[in-house]
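J.: Structure file my_file_4.txt (compact mmCIF, C-alpha atoms) right here:
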# COMPACT_ATOMS: atom_id res chain seq x y z
CA MET A 21 -39.66 -15.84 39.39
CA SER A 22 -42.26 -16.42 36.69
CA GLU A 23 -41.36 -16.66 32.99
CA PHE A 24 -43.11 -13.31 32.39
CA ALA A 25 -41.18 -11.54 35.15
CA ILE A 26 -37.85 -12.83 33.81
CA GLN A 27 -38.69 -11.67 30.27
CA ASP A 28 -39.70 -8.27 31.63
CA PHE A 29 -36.51 -7.97 33.65
CA LEU A 30 -34.40 -8.93 30.61
CA ARG A 31 -36.18 -6.38 28.43
CA TRP A 32 -35.47 -3.50 30.83
CA PHE A 33 -31.97 -4.72 31.55
CA MET A 34 -31.22 -4.76 27.78
CA THR A 35 -32.84 -1.37 27.30
CA GLY A 36 -30.60 0.07 30.01
CA LEU A 37 -27.48 -1.59 28.62
CA LEU A 38 -28.10 -0.34 25.08
CA ALA A 39 -28.98 3.16 26.32
CA ILE A 40 -25.87 3.43 28.53
CA VAL A 41 -23.41 2.17 25.88
CA GLY A 42 -25.13 4.29 23.21
CA SER A 43 -24.85 7.43 25.38
CA VAL A 44 -21.20 6.76 26.25
CA THR A 45 -20.43 6.25 22.54
CA LEU A 46 -22.12 9.54 21.69
CA LEU A 47 -20.10 11.32 24.40
CA ALA A 48 -16.78 9.82 23.21
CA PRO A 49 -17.49 9.02 19.55
CA ARG A 50 -13.86 8.40 18.58
CA GLN A 51 -13.29 5.72 21.21
CA LEU A 52 -15.70 2.87 20.55
CA ALA A 53 -16.38 2.73 16.82
CA ALA A 54 -12.84 3.69 15.82
CA VAL A 55 -11.10 1.91 18.74
CA CYS A 56 -8.33 4.39 19.62
CA PRO A 57 -6.38 2.94 22.54
CA HIS A 58 -4.28 5.34 24.53
CA VAL A 59 -0.54 5.02 23.91
CA PRO A 60 1.08 4.58 27.35
CA THR A 61 4.28 6.42 28.26
CA ARG A 62 4.36 5.55 31.97
CA GLY A 63 7.73 4.18 33.07
CA LEU A 64 9.64 5.82 30.23
CA ASP A 65 12.14 8.63 30.74
CA ALA A 66 10.90 12.15 29.94
CA ALA A 67 12.73 12.42 26.60
CA THR A 68 11.42 9.08 25.32
CA ALA A 69 7.92 9.78 26.62
CA GLY A 70 8.02 13.11 24.77
CA ARG A 71 9.00 11.36 21.52
CA ILE A 72 6.19 8.84 21.93
CA GLU A 73 3.66 11.57 22.65
CA ASP A 74 4.81 13.54 19.59
CA ALA A 75 4.57 10.42 17.41
CA ALA A 76 1.11 9.62 18.82
CA TYR A 77 -0.01 13.18 18.11
CA ARG A 78 1.29 13.03 14.53
CA ARG A 79 -0.43 9.68 14.07
CA LYS A 80 -3.71 11.07 15.40
CA ARG A 81 -3.52 13.97 12.96
CA LEU A 82 -2.64 11.65 10.08
CA GLU A 83 -5.51 9.28 10.86
CA ASN A 84 -7.96 12.12 11.44
CA ILE A 85 -10.74 9.69 12.40
CA SER A 86 -14.11 11.35 12.04
CA PRO A 87 -16.43 11.25 15.09
CA ALA A 88 -19.23 10.46 12.60
CA TYR A 89 -18.61 6.70 12.93
CA GLY A 90 -19.05 6.77 16.69
CA ILE A 91 -22.01 9.15 16.50
CA ALA A 92 -23.77 6.84 14.02
CA VAL A 93 -23.12 3.78 16.21
CA GLY A 94 -24.17 5.58 19.41
CA ALA A 95 -27.37 6.85 17.77
CA ALA A 96 -28.16 3.35 16.47
CA TRP A 97 -27.74 1.89 19.98
CA LEU A 98 -30.10 4.51 21.43
CA ILE A 99 -32.68 3.76 18.74
CA PHE A 100 -32.36 0.03 19.46
CA ALA A 101 -32.79 0.79 23.18
CA GLY A 102 -36.04 2.58 22.36
CA CYS A 103 -37.24 -0.32 20.19
CA CYS A 104 -36.38 -2.75 22.98
CA ALA A 105 -38.27 -0.67 25.56
CA ALA A 106 -41.27 -0.52 23.22
CA GLY A 107 -41.36 -4.31 23.18
CA TRP A 108 -40.88 -4.70 19.42
CA ALA A 109 -39.18 -8.05 18.82
CA THR A 110 -37.10 -9.78 21.49
CA PRO A 111 -34.38 -8.02 23.54
CA ALA A 112 -31.88 -10.50 22.08
CA MET A 113 -32.72 -9.26 18.61
CA TRP A 114 -31.93 -5.62 19.52
CA TYR A 115 -28.78 -6.71 21.30
CA ALA A 116 -27.65 -8.55 18.14
CA ALA A 117 -28.59 -5.61 15.92
CA ALA A 118 -26.58 -3.25 18.16
CA PHE A 119 -23.42 -5.33 17.81
CA LEU A 120 -23.97 -5.61 14.08
CA SER A 121 -24.12 -1.79 13.90
CA LEU A 122 -20.92 -1.61 15.97
CA ALA A 123 -19.17 -3.98 13.54
CA ALA A 124 -20.39 -1.80 10.65
CA GLY A 125 -19.08 1.37 12.37
CA MET A 126 -15.68 -0.20 13.04
CA ALA A 127 -15.52 -1.49 9.44
CA ALA A 128 -16.17 2.03 8.13
CA ALA A 129 -13.41 3.44 10.37
CA TYR A 130 -11.07 0.68 9.17
CA LEU A 131 -11.77 1.55 5.52
CA HIS A 132 -10.96 5.18 6.33
CA LEU A 133 -7.62 4.13 7.87
CA ARG A 134 -6.80 1.92 4.87
CA ALA A 135 -7.31 4.86 2.52
CA ILE A 136 -4.76 7.16 4.22
CA ALA A 137 -2.21 8.32 1.67
CA GLY A 138 0.92 10.43 1.87
CA ARG A 139 4.66 10.14 1.96
CA ARG A 140 5.75 7.11 3.99
CA VAL A 141 8.65 4.87 4.83
CA ALA A 142 8.54 1.10 5.37
CA VAL A 143 10.53 -1.18 7.63
CA LEU A 144 11.84 -4.24 5.77
CA ASP A 145 10.35 -6.53 8.37
CA VAL A 146 8.03 -9.45 7.63
CA ARG A 147 4.74 -8.93 9.44
CA SER A 148 1.64 -11.10 9.73
CA ALA A 149 -1.73 -10.94 11.45
CA SER A 150 -0.90 -14.01 13.53
CA GLY A 151 2.29 -12.28 14.67
CA VAL A 152 0.04 -9.73 16.41
CA VAL A 153 -2.68 -12.06 17.67
CA PRO A 154 -1.98 -15.81 17.36
CA TRP A 155 -4.14 -17.55 14.75
CA TYR A 156 -5.77 -19.83 17.33
CA TRP A 157 -7.53 -16.86 18.94
CA PHE A 158 -9.10 -16.02 15.60
CA ALA A 159 -10.09 -19.68 15.25
CA ALA A 160 -11.52 -19.67 18.80
CA ALA A 161 -13.53 -16.52 18.01
CA VAL A 162 -15.02 -18.19 14.92
CA GLY A 163 -15.85 -21.27 17.04
CA VAL A 164 -17.51 -19.10 19.68
CA ALA A 165 -19.51 -17.25 17.00
CA LEU A 166 -20.74 -20.55 15.61
CA ALA A 167 -21.66 -21.64 19.13
CA ALA A 168 -24.37 -18.98 19.01
CA LEU A 169 -25.97 -20.93 16.18
CA ALA A 170 -25.72 -24.18 18.13
CA TRP A 171 -27.36 -22.34 21.02
CA SER A 172 -30.10 -21.25 18.68
CA GLU A 173 -30.73 -24.91 17.78
CA LEU A 174 -31.29 -25.64 21.46
CA ARG A 175 -33.15 -22.56 22.62
CA ALA A 176 -34.40 -21.31 19.28
CA PRO A 177 -33.89 -17.52 19.59
CA GLY A 178 -33.76 -17.80 15.76
CA TRP A 179 -32.84 -14.60 13.94
CA ALA A 180 -31.17 -13.05 16.98
CA ALA A 181 -28.66 -15.91 17.11
CA ALA A 182 -28.00 -15.63 13.38
CA LEU A 183 -27.46 -11.86 13.68
CA ILE A 184 -25.14 -12.07 16.68
CA CYS A 185 -23.18 -14.85 14.95
CA LEU A 186 -22.83 -12.60 11.90
CA ALA A 187 -21.71 -9.66 14.07
CA ALA A 188 -19.10 -11.80 15.84
CA LEU A 189 -17.78 -13.20 12.55
CA ALA A 190 -17.60 -9.66 11.13
CA SER A 191 -15.65 -8.48 14.22
CA THR A 192 -13.27 -11.44 13.91
CA PHE A 193 -12.63 -10.73 10.23
CA LEU A 194 -12.13 -7.04 11.00
CA ALA A 195 -9.68 -7.82 13.82
CA TRP A 196 -7.69 -9.97 11.37
CA ARG A 197 -7.60 -7.15 8.80
CA VAL A 198 -6.60 -4.58 11.43
CA ALA A 199 -3.78 -6.86 12.64
CA GLU A 200 -2.31 -6.95 9.14
CA MET A 201 -2.98 -3.31 8.27
CA PRO A 202 -0.19 -1.33 6.60
CA ALA A 203 2.15 0.44 9.03
CA LEU A 204 1.80 4.22 9.02
CA LEU A 205 5.35 5.53 9.43
CA GLY A 206 5.99 9.09 8.34
CA GLY A 207 9.77 8.93 8.77
CA ASP A 208 10.21 11.84 11.24
CA ASP A 209 11.10 9.58 14.19
CA VAL A 210 10.74 6.04 12.91
CA ALA A 211 11.48 4.30 16.22
CA ALA A 212 8.79 6.24 18.09
CA GLU A 213 6.35 5.97 15.19
CA ARG A 214 6.92 2.23 15.08
CA PHE A 215 6.27 1.97 18.82
CA VAL A 216 2.97 3.83 18.36
CA ASP A 217 2.07 1.77 15.28
CA GLU A 218 2.70 -1.55 17.04
CA HIS A 219 0.79 -0.40 20.11
CA LEU A 220 -2.23 0.72 18.07
CA ARG A 221 -2.18 -2.41 15.91
CA PHE A 222 -2.15 -4.69 18.96
CA GLY A 223 -4.64 -2.58 20.93
CA ARG A 224 -7.13 -2.30 18.10
CA ALA A 225 -6.92 -5.90 16.89
CA THR A 226 -7.25 -7.36 20.41
CA SER A 227 -10.08 -4.98 21.36
CA ILE A 228 -12.10 -5.76 18.24
CA LEU A 229 -11.56 -9.47 18.75
CA LEU A 230 -12.62 -9.07 22.39
CA PHE A 231 -15.97 -7.73 21.15
CA ALA A 232 -16.41 -10.97 19.17
CA PHE A 233 -15.96 -13.04 22.34
CA VAL A 234 -17.91 -10.77 24.71
CA GLU A 235 -20.98 -10.30 22.54
CA ILE A 236 -21.52 -14.04 22.25
CA PHE A 237 -20.75 -14.60 25.94
CA VAL A 238 -23.32 -12.00 27.02
CA PHE A 239 -25.84 -13.33 24.49
CA VAL A 240 -25.53 -16.84 25.88
CA MET A 241 -25.54 -15.69 29.51
CA PHE A 242 -28.54 -13.50 28.80
CA ASP A 243 -30.52 -16.51 27.75
CA ILE A 244 -29.27 -18.98 30.31
CA GLY A 245 -31.58 -17.63 32.98
CA LEU A 246 -34.41 -19.12 30.97
CA ALA A 247 -32.76 -22.51 30.57
CA ARG A 248 -34.70 -25.44 31.91
CA GLU A 249 -32.57 -28.25 30.50
CA ASN A 250 -28.92 -29.13 30.73
CA PRO A 251 -27.77 -29.30 27.06
CA GLU A 252 -27.05 -25.55 27.02
CA GLN A 253 -24.60 -25.71 29.90
CA PRO A 254 -21.55 -27.10 28.02
CA ILE A 255 -21.89 -24.46 25.29
CA ALA A 256 -22.18 -21.67 27.83
CA ALA A 257 -19.18 -23.05 29.73
CA LEU A 258 -17.08 -23.25 26.55
CA VAL A 259 -17.97 -19.71 25.51
CA ALA A 260 -17.16 -18.41 29.00
CA PHE A 261 -13.86 -20.31 29.07
CA ALA A 262 -12.83 -18.95 25.64
CA TRP A 263 -13.65 -15.39 26.68
CA ILE A 264 -11.76 -15.63 30.00
CA ALA A 265 -8.73 -17.33 28.40
CA TYR A 266 -8.58 -14.72 25.62
CA SER A 267 -8.91 -11.85 28.11
CA ALA A 268 -6.11 -13.31 30.22
CA TRP A 269 -3.87 -13.63 27.14
CA THR A 270 -4.62 -10.05 26.10
CA ILE A 271 -3.85 -8.62 29.54
CA ALA A 272 -0.64 -10.66 29.83
CA ASN A 273 0.54 -9.41 26.44
CA LYS A 274 -0.41 -5.82 27.15
CA LEU A 275 1.84 -5.89 30.18
CA ARG A 276 4.75 -7.34 28.18
CA PRO A 277 7.21 -4.77 26.79
CA GLN A 278 6.75 -4.11 23.11
CA HIS A 279 9.31 -4.24 20.34
CA ALA A 280 12.48 -2.68 21.77
CA VAL A 281 12.86 0.14 19.29
CA LEU A 282 13.48 2.95 21.75
CA MET B 15 13.75 -11.78 12.16
CA LYS B 16 13.25 -8.19 13.34
CA THR B 17 15.02 -5.51 11.37
CA ASP B 18 15.18 -1.74 11.54
CA LEU B 19 16.08 -1.30 7.87
CA LEU B 20 13.99 1.33 6.18
CA ILE B 21 13.09 2.23 2.66
CA GLY B 22 10.95 5.09 1.39
CA VAL B 23 9.35 6.39 -1.76
CA ASP B 24 9.35 10.05 -2.75
CA VAL B 25 6.64 10.59 -5.37
CA GLU B 26 8.08 14.02 -6.20
CA LEU B 27 11.29 12.54 -7.59
CA ALA B 28 11.60 12.02 -11.34
CA VAL B 29 12.71 8.41 -10.72
CA PRO B 30 9.73 6.00 -10.84
CA PRO B 31 8.77 4.49 -7.44
CA ASN B 32 9.62 0.92 -8.53
CA ARG B 33 13.17 1.99 -9.38
CA GLN B 34 13.49 3.90 -6.08
CA ILE B 35 12.49 0.73 -4.22
CA ALA B 36 14.81 -1.51 -6.25
CA GLU B 37 17.71 0.91 -5.82
CA GLN B 38 17.31 1.10 -2.05
CA ILE B 39 17.12 -2.68 -1.63
CA ARG B 40 20.14 -3.09 -3.89
CA SER B 41 22.10 -0.54 -1.83
CA LEU B 42 21.20 -2.31 1.42
CA VAL B 43 22.52 -5.59 0.00
CA GLN B 44 25.70 -3.95 -1.29
CA ARG B 45 26.36 -2.34 2.10
CA GLY B 46 25.88 -5.73 3.74
CA GLU B 47 22.86 -4.57 5.78
CA LEU B 48 20.59 -7.07 4.05
CA THR B 49 22.38 -10.39 4.15
CA ALA B 50 22.03 -13.49 1.98
CA GLY B 51 18.89 -15.47 2.74
CA ALA B 52 17.09 -12.59 4.49
CA LEU B 53 13.33 -12.70 3.89
CA LEU B 54 11.73 -9.57 2.46
CA PRO B 55 8.17 -8.41 3.20
CA THR B 56 5.46 -9.62 0.86
CA VAL B 57 4.56 -7.44 -2.11
CA ARG B 58 1.21 -6.56 -0.49
CA GLN B 59 2.75 -5.62 2.85
CA LEU B 60 5.48 -3.42 1.39
CA ALA B 61 3.08 -1.78 -1.06
CA GLY B 62 0.63 -1.03 1.76
CA ASP B 63 3.33 0.36 4.05
CA LEU B 64 4.75 2.59 1.32
CA GLY B 65 1.33 3.62 0.06
CA VAL B 66 2.05 2.50 -3.52
CA ALA B 67 0.30 0.04 -5.83
CA PRO B 68 1.25 -3.65 -5.37
CA ASN B 69 2.37 -3.71 -9.04
CA THR B 70 5.04 -1.13 -8.23
CA VAL B 71 6.66 -3.35 -5.59
CA ALA B 72 6.13 -6.46 -7.72
CA ARG B 73 8.00 -4.79 -10.58
CA ALA B 74 10.86 -3.74 -8.26
CA TYR B 75 11.15 -7.31 -6.93
CA ALA B 76 10.98 -8.73 -10.48
CA ASP B 77 13.77 -6.40 -11.69
CA LEU B 78 15.96 -7.35 -8.71
CA GLN B 79 15.25 -11.04 -9.32
CA ALA B 80 16.16 -10.65 -12.99
CA GLU B 81 19.46 -9.01 -11.97
CA GLY B 82 20.15 -11.79 -9.50
CA TRP B 83 19.84 -9.81 -6.24
CA LEU B 84 16.71 -11.63 -5.06
CA VAL B 85 15.35 -15.13 -5.38
CA GLY B 86 11.73 -16.24 -5.17
CA ASP B 87 11.19 -18.82 -2.45
CA GLY B 88 7.77 -20.05 -3.54
CA ARG B 89 4.97 -19.35 -1.07
CA ARG B 90 7.49 -18.51 1.63
CA GLY B 91 8.27 -15.18 -0.06
CA THR B 92 11.25 -13.42 -1.59
CA ARG B 93 14.79 -13.68 -0.21
CA ILE B 94 18.14 -12.03 -0.76
CA ALA B 95 20.18 -14.20 -3.15
CA GLU B 96 23.04 -16.24 -1.74
CA ARG B 97 25.50 -14.90 -4.34
CA SER B 98 25.63 -11.16 -4.98
CA PRO B 99 25.62 -10.37 -8.74
CA ASP B 100 28.07 -7.49 -8.18
CA ARG B 101 30.77 -9.10 -10.32
CA ASP B 102 28.63 -9.16 -13.45
CA LYS B 103 29.69 -6.19 -15.65
CA ARG B 104 26.21 -5.51 -16.99
CA VAL B 105 24.69 -5.58 -13.51
CA ARG B 106 27.45 -3.33 -12.18
CA ALA B 107 26.77 -0.83 -14.97
CA ASN B 108 23.01 -0.94 -14.29
CA THR B 109 23.56 -0.51 -10.57
CA LEU B 110 25.85 2.49 -11.10
CA ARG B 111 23.42 4.04 -13.57
CA GLY B 112 20.45 3.51 -11.25
CA SER B 113 22.27 5.01 -8.26
CA ILE B 114 23.44 8.07 -10.20
CA GLU B 115 20.00 8.61 -11.75
CA GLN B 116 18.36 8.63 -8.35
CA PHE B 117 21.07 10.85 -6.88
CA VAL B 118 20.86 13.36 -9.75
CA ALA B 119 17.05 13.36 -9.71
CA SER B 120 17.11 14.07 -5.99
CA LEU B 121 19.51 17.02 -6.41
CA VAL B 122 17.60 18.43 -9.42
CA GLY B 123 14.45 18.19 -7.32
CA ARG B 124 16.17 20.32 -4.66
CA GLY B 125 17.01 23.04 -7.20
CA TYR B 126 20.59 22.28 -8.27
CA SER B 127 21.40 22.71 -11.96
CA ARG B 128 22.93 19.89 -13.99
CA HIS B 129 26.02 22.03 -14.51
CA GLU B 130 26.51 22.47 -10.74
CA ILE B 131 26.07 18.74 -10.14
CA VAL B 132 28.51 17.68 -12.87
CA ALA B 133 31.08 20.28 -11.74
CA GLU B 134 30.91 19.04 -8.15
CA ILE B 135 31.17 15.37 -9.15
CA GLU B 136 34.20 16.15 -11.34
CA ARG B 137 35.80 18.05 -8.49
CA LEU B 138 35.24 15.19 -6.05
CA ALA B 139 36.46 12.61 -8.54
CA GLY B 140 39.60 14.67 -9.04
CA THR B 141 39.24 15.15 -12.80
Starting from the coordinates I provided, produce the structure as structure tokens.

T.:
Amino acid sequence: MSEFAIQDFLRWFMTGLLAIVGSVTLLAPRQLAAVCPHVPTRGLDAATAGRIEDAAYRRKRLENISPAYGIAVGAAWLIFAGCCAAGWATPAMWYAAAFLSLAAGMAAAYLHLRAIAGRRVAVLDVRSASGVVPWYWFAAAVGVALAALAWSELRAPGWAAALICLAALASTFLAWRVAEMPALLGGDDVAAERFVDEHLRFGRATSILLFAFVEIFVFVMFDIGLARENPEQPIAALVAFAWIAYSAWTIANKLRPQHAVL
Amino acid sequence: MKTDLLIGVDVELAVPPNRQIAEQIRSLVQRGELTAGALLPTVRQLAGDLGVAPNTVARAYADLQAEGWLVGDGRRGTRIAERSPDRDKRVRANTLRGSIEQFVASLVGRGYSRHEIVAEIERLAGT
């Protein structure tokens, strides 16, 4: 395939990707920008499942996350899709801008969650971000983000690499802050509320950190089709390995029972 | 160490939040639920969880440290002191006063008159 044909394919592929994710985000605006994982009750007895569902409902009402964050992110992705289709700047640039807008949307939702006030109780338990997601995954995410810059040295996508690196670093920082967010326990059924809190904390922090890995992985893979030389291969392999290892860790820990409070 | 010990702050009570926090931690130590050497959450974590200013928790911890209930453990945090200061007369008096103040404020907040509260305490104490 000629260089022109590859560039053309990548442009339309990126346009489609941005348009699909943007549309999905607009249809479910609370899911992507605010990262609201479902609290599972499968395998629990009916009474316990009922308590968890009640606690999750109370939490949802307390958080009251506006769909505006998701709508803004979805709209931005659709606009970037249009810009990409029009051929303004490189597809990689619009891809990077889209993830930067996602990081901004998630940061706004996080600030909203931090500002929640009201009567609360606290468990006298020492908590840390690395107790939710081990510190080395945050370090790996920073390393992977910086790999985008190294990639830029080799393949020179310039500003796009700088932007995607910034977006990945912002997602990593946000994941860290979400992991150490205050617990939101109202005191009506502390055990169930704690279950929901721990589930949301883990789900949100790991999902946001996953974005940091995935966006760099896709960025690197996107460009590798154009690679003529070998120096890029080790970076791409390292990024892919980090993403796969992190995903495996996340899935393994999602399957593990949470804090036995019920 | 995982614990299920809870504390709360009621902003509608007349007792300031820092004294509510200090009183609850003191009670947990006295009841033996918080044992010597147990590590407490950081000021920032507890303040965030309770939705109060970090200064409020810092003041509660400082008061408890001054009374001898807690000890600072440098960067590792704040721990429950090895020796309970219960035997100190001044501390005992402060503890009793703090507990009664919080108890009375809670009842007054629920609509009981001071006369009713005193009468009931006297009846229970057998005077």

J.: Check which residues of segment 55-98 of chain B sit at most 10 Å from segment 146-166 of chain A using all atoms listed in the file, and return one row each with the closest pair of atoms and their distance in Å to one decimal, ordered by chain and rising number, as CSV.

T.:
residue,atom,partner,partner_atom,distance
B:Pro55,CA,A:Val146,CA,4.6
B:Thr56,CA,A:Val146,CA,7.2
B:Gln59,CA,A:Arg147,CA,7.6
B:Leu60,CA,A:Val146,CA,9.0
B:Gly91,CA,A:Val146,CA,9.6

J.: Using all atoms listed in the file and a cut-off of 9 Å, which residues of chain B sit close to chain A? Please list them as a PDB file with C-alpha atoms, keeping the file's coordinate frame.

T.:
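Here's the written file part-v8.pdb:
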ATOM      1  CA  MET B  15      13.750 -11.780  12.160  1.00  0.00           C
ATOM      2  CA  LYS B  16      13.250  -8.190  13.340  1.00  0.00           C
ATOM      3  CA  THR B  17      15.020  -5.510  11.370  1.00  0.00           C
ATOM      4  CA  ASP B  18      15.180  -1.740  11.540  1.00  0.00           C
ATOM      5  CA  LEU B  19      16.080  -1.300   7.870  1.00  0.00           C
ATOM      6  CA  LEU B  20      13.990   1.330   6.180  1.00  0.00           C
ATOM      7  CA  ILE B  21      13.090   2.230   2.660  1.00  0.00           C
ATOM      8  CA  GLY B  22      10.950   5.090   1.390  1.00  0.00           C
ATOM      9  CA  VAL B  23       9.350   6.390  -1.760  1.00  0.00           C
ATOM     10  CA  ASP B  24       9.350  10.050  -2.750  1.00  0.00           C
ATOM     11  CA  VAL B  25       6.640  10.590  -5.370  1.00  0.00           C
ATOM     12  CA  LEU B  53      13.330 -12.700   3.890  1.00  0.00           C
ATOM     13  CA  LEU B  54      11.730  -9.570   2.460  1.00  0.00           C
ATOM     14  CA  PRO B  55       8.170  -8.410   3.200  1.00  0.00           C
ATOM     15  CA  THR B  56       5.460  -9.620   0.860  1.00  0.00           C
ATOM     16  CA  ARG B  58       1.210  -6.560  -0.490  1.00  0.00           C
ATOM     17  CA  GLN B  59       2.750  -5.620   2.850  1.00  0.00           C
ATOM     18  CA  LEU B  60       5.480  -3.420   1.390  1.00  0.00           C
ATOM     19  CA  ALA B  61       3.080  -1.780  -1.060  1.00  0.00           C
ATOM     20  CA  GLY B  62       0.630  -1.030   1.760  1.00  0.00           C
ATOM     21  CA  ASP B  63       3.330   0.360   4.050  1.00  0.00           C
ATOM     22  CA  LEU B  64       4.750   2.590   1.320  1.00  0.00           C
ATOM     23  CA  GLY B  65       1.330   3.620   0.060  1.00  0.00           C
ATOM     24  CA  VAL B  66       2.050   2.500  -3.520  1.00  0.00           C
TER      25      VAL B  66
END

J.: How many Å lie between atom CA of Glu73 of chain A and atom CA of Ser267 of chain A, rounded to one decimal?

T.: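 Taking atom CA of Glu73 of chain A as the start and atom CA of Ser267 of chain A as the end point, the length is 27.1 Å.
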
J.: Atom CA of Leu131 of chain A to atom CA of Arg197 of chain A: how many Å, to one decimal?

T.: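 For atom CA of Leu131 of chain A relative to atom CA of Arg197 of chain A, the distance reads 10.2 Å.
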
J.: Could you give me, as a ChimeraX atom specification, the residues within 9 Å of Arg33 of chain B, counting only C-alpha atoms and dropping anything in the same chain fewer than 4 positions from it?

T.: /B:29,37-38,70,73-74,77,112,116

J.: Take atom CA of Ala116 of chain A and atom CA of Ala199 of chain A and report the distance between them in Å, one decimal.

T.: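 Pair atom CA of Ala116 of chain A / atom CA of Ala199 of chain A returns 24.6 Å.
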
J.: Counting only C-alpha atoms, what is within 12 Å of Glu235 of chain A, bar same-chain residues fewer than 6 positions away, as a PyMOL selection string?

T.: chain A and resi 112+115-120+122-123+161+164-165+167-168+180-181+183-192+228-229+241-242+259-260+263

J.: Tell me which protein, DNA and RNA residues are within 7 Å of Ile91 of chain A, counting all atoms listed in the file, leaving out same-chain ones fewer than 3 positions away, and put them as a list of chain:residue names.

T.: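 Using all atoms listed in the file, the neighbours found are A:Thr45, A:Leu46, A:Pro49, A:Pro87, A:Ala88, A:Gly94, A:Ala95.
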
J.: Using all atoms listed in the file, find the one residue out of A:Leu169, A:Ala262, A:Ala106, A:Val216 that sits nearest to Cys56 of chain A.

T.: A:Val216
